[in-house]
Structures are given as structure tokens and as C-alpha cells.
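Data from protein.pdb: PDB, C-alpha atoms and all ligand atoms
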ATOM      1  CA  MET P   1      32.626 100.708 111.839
ATOM      2  CA  ILE P   2      35.226  98.194 110.743
ATOM      3  CA  HIS P   3      37.667  99.442 108.155
ATOM      4  CA  GLN P   4      38.463  96.742 105.650
ATOM      5  CA  GLY P   5      40.039  98.699 102.825
ATOM      6  CA  LYS P   6      43.666  97.722 102.516
ATOM      7  CA  CYS P   7      46.449  99.351 100.560
ATOM      8  CA  PRO P   8      47.333  97.046  97.645
ATOM      9  CA  LYS P   9      51.019  97.866  98.031
ATOM     10  CA  CYS P  10      51.811  97.781 101.756
ATOM     11  CA  GLY P  11      48.710  95.994 103.041
ATOM     12  CA  ASN P  12      47.948  98.543 105.737
ATOM     13  CA  THR P  13      44.346  99.364 106.434
ATOM     14  CA  VAL P  14      43.489 102.608 104.690
ATOM     15  CA  LEU P  15      42.156 104.872 107.424
ATOM     16  CA  HIS P  16      43.603 108.037 105.962
ATOM     17  CA  VAL P  17      44.794 109.094 102.556
ATOM     18  CA  HIS P  18      47.025 111.888 101.408
ATOM     19  CA  VAL P  19      45.050 114.143  99.100
ATOM     20  CA  GLU P  20      47.175 115.975  96.587
ATOM     21  CA  SER P  21      46.263 118.353  93.835
ATOM     22  CA  VAL P  22      47.608 117.158  90.503
ATOM     23  CA  ASN P  23      47.140 118.211  86.911
ATOM     24  CA  GLY P  24      45.252 116.121  84.408
ATOM     25  CA  MET P  25      47.253 116.099  81.204
ATOM     26  CA  VAL P  26      45.789 115.585  77.759
ATOM     27  CA  ALA P  27      48.302 115.493  74.910
ATOM     28  CA  ASN P  28      50.906 117.195  77.116
ATOM     29  CA  GLU P  29      48.556 120.024  78.042
ATOM     30  CA  SER P  30      47.212 120.601  81.506
ATOM     31  CA  LYS P  31      43.491 120.264  81.026
ATOM     32  CA  ALA P  32      42.010 119.772  84.462
ATOM     33  CA  LYS P  33      42.762 119.929  88.146
ATOM     34  CA  CYS P  34      42.693 116.472  89.610
ATOM     35  CA  LEU P  35      42.954 115.026  93.076
ATOM     36  CA  SER P  36      45.179 112.091  93.850
ATOM     37  CA  TYR P  37      44.685 109.923  96.897
ATOM     38  CA  SER P  38      47.716 108.139  98.209
ATOM     39  CA  CYS P  39      48.436 105.759 101.073
ATOM     40  CA  ILE P  40      49.792 107.554 104.142
ATOM     41  CA  HIS P  41      52.076 104.610 104.847
ATOM     42  CA  CYS P  42      53.790 103.999 101.526
ATOM     43  CA  PHE P  43      52.458 106.816  99.286
ATOM     44  CA  ALA P  44      51.118 104.375  96.703
ATOM     45  CA  VAL P  45      48.469 106.178  94.687
ATOM     46  CA  LEU P  46      45.103 104.611  95.415
ATOM     47  CA  GLY P  47      43.051 106.730  93.087
ATOM     48  CA  VAL P  48      42.840 109.902  91.064
ATOM     49  CA  GLN P  49      39.765 111.885  90.124
ATOM     50  CA  ILE P  50      38.905 115.185  88.527
ATOM     51  CA  ASP P  51      38.798 117.886  91.186
ATOM     52  CA  PRO P  52      35.132 118.946  91.302
ATOM     53  CA  ARG P  53      36.264 122.367  92.492
ATOM     54  CA  GLY P  54      38.849 122.714  89.741
ATOM     55  CA  LYS P  55      38.756 125.752  87.512
ATOM     56  CA  ARG P  56      41.045 124.766  84.658
ATOM     57  CA  ARG P  57      38.847 122.842  82.275
ATOM     58  CA  PRO P  58      38.297 122.711  78.551
ATOM     59  CA  LYS P  59      35.831 125.377  77.378
ATOM     60  CA  ALA P  60      32.998 122.960  76.586
ATOM     61  CA  ALA P  61      33.215 121.336  80.007
ATOM     62  CA  ASN P  62      33.583 124.753  81.618
ATOM     63  CA  GLU P  63      30.310 125.998  80.158
ATOM     64  CA  ALA P  64      28.529 122.841  81.209
ATOM     65  CA  GLY P  65      30.064 123.129  84.653
ATOM     66  CA  ALA P  66      29.099 126.795  84.997
ATOM     67  CA  ALA P  67      25.529 126.022  84.021
ATOM     68  CA  ALA P  68      25.407 123.207  86.558
ATOM     69  CA  ALA P  69      26.922 125.428  89.253
ATOM     70  CA  LYS P  70      24.183 128.077  88.931
ATOM     71  CA  LYS P  71      21.342 126.855  91.038
TER      72      LYS P  71
HETATM   73 ZN    ZN P 101      50.357 101.618 101.455
END
As C-alpha cells:
Amino acid sequence: MIHQGKCPKCGNTVLHVHVESVNGMVANESKAKCLSYSCIHCFAVLGVQIDPRGKRRPKAANEAGAAAAKK
């Protein structure tokens, strides 16, 4: 496999990323656990997503998530 993804900041091939747990803020309130992916070379953030394992969510999303989790 040839890795072609390059960090937009330092130009290094992205073979690894730092994964950090961060808080998603909505109107200055922590609403969701998120994951941030950053370059291991220069720490530029390459992407952020909602942590699918996160527990802190708004009630509506929590109920939907709980229903989806019960299989
Ligand atoms: Zn980089």
C-alpha cells in the first residue's frame, strides 16, 4: 500500500495521527465528546469528529443513540 495522504501544513506523509479527546462546544457549553486527529510531525489538526463512544450528548441525540446502541 502506498500512502499518499500528506499533511497540508508540513507536507509529511500522514502515516500516523495523534488522536485526542476534545469537547464539542455549542454556545459555550460542552455538548459532545469529539476526537481530533493531528499530524504527528507538526500537530496540525487534520480533522475532528464526534466521538462515537462519547457519552455527553444532548438529550435528543442521547435517546436516539441509546436506541441505536440496543441491538
Ligand atoms: Zn504536519
Taking (54.9, 107.1, 103.9) in the file's coordinates as the center, which residues reach within 12 Å of it, counting only C-alpha atoms, put as number ranges by chain? P: 7, 9-10, 12, 16-18, 38-45
Which distance in Å separates atom CA of Met25 of chain P and atom CA of Ile50 of chain P, to one decimal?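 Those two atoms sit 11.1 Å apart.
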So the first atom is atom CA of Val19 of chain P and the second is atom CA of Ile2 of chain P; what is the distance between them in Å, to one decimal place?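 Answer for the atom CA of Val19 of chain P to atom CA of Ile2 of chain P separation: 22.1 Å.
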In Å, with one decimal, what is the gap from atom CA of Asn23 of chain P to atom CA of Pro8 of chain P?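 Going from atom CA of Asn23 of chain P over to atom CA of Pro8 of chain P covers 23.7 Å.
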Give the answer as one residue: which of P:Leu46, P:Cys34, P:Gly54, P:Val22 has the shortest atom-to-atom distance to ligand ZN 101 (chain P), using all atoms listed in the file?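 Using all atoms listed in the file, ligand ZN 101 (chain P) sits closest to P:Leu46.
When all atoms listed in the file are used to compute distances to ligand ZN 101 (chain P), the closest of the residues P:Thr13, P:Ser30, P:Ser21, P:Gln4 turns out to be P:Thr13.
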Smallest atom-to-atom distance to ligand ZN 101 (chain P): which of P:Ala32, P:Val48, P:Met1, P:Leu15, using all atoms listed in the file?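 With all atoms listed in the file as the atom set, the closest residue is P:Leu15.
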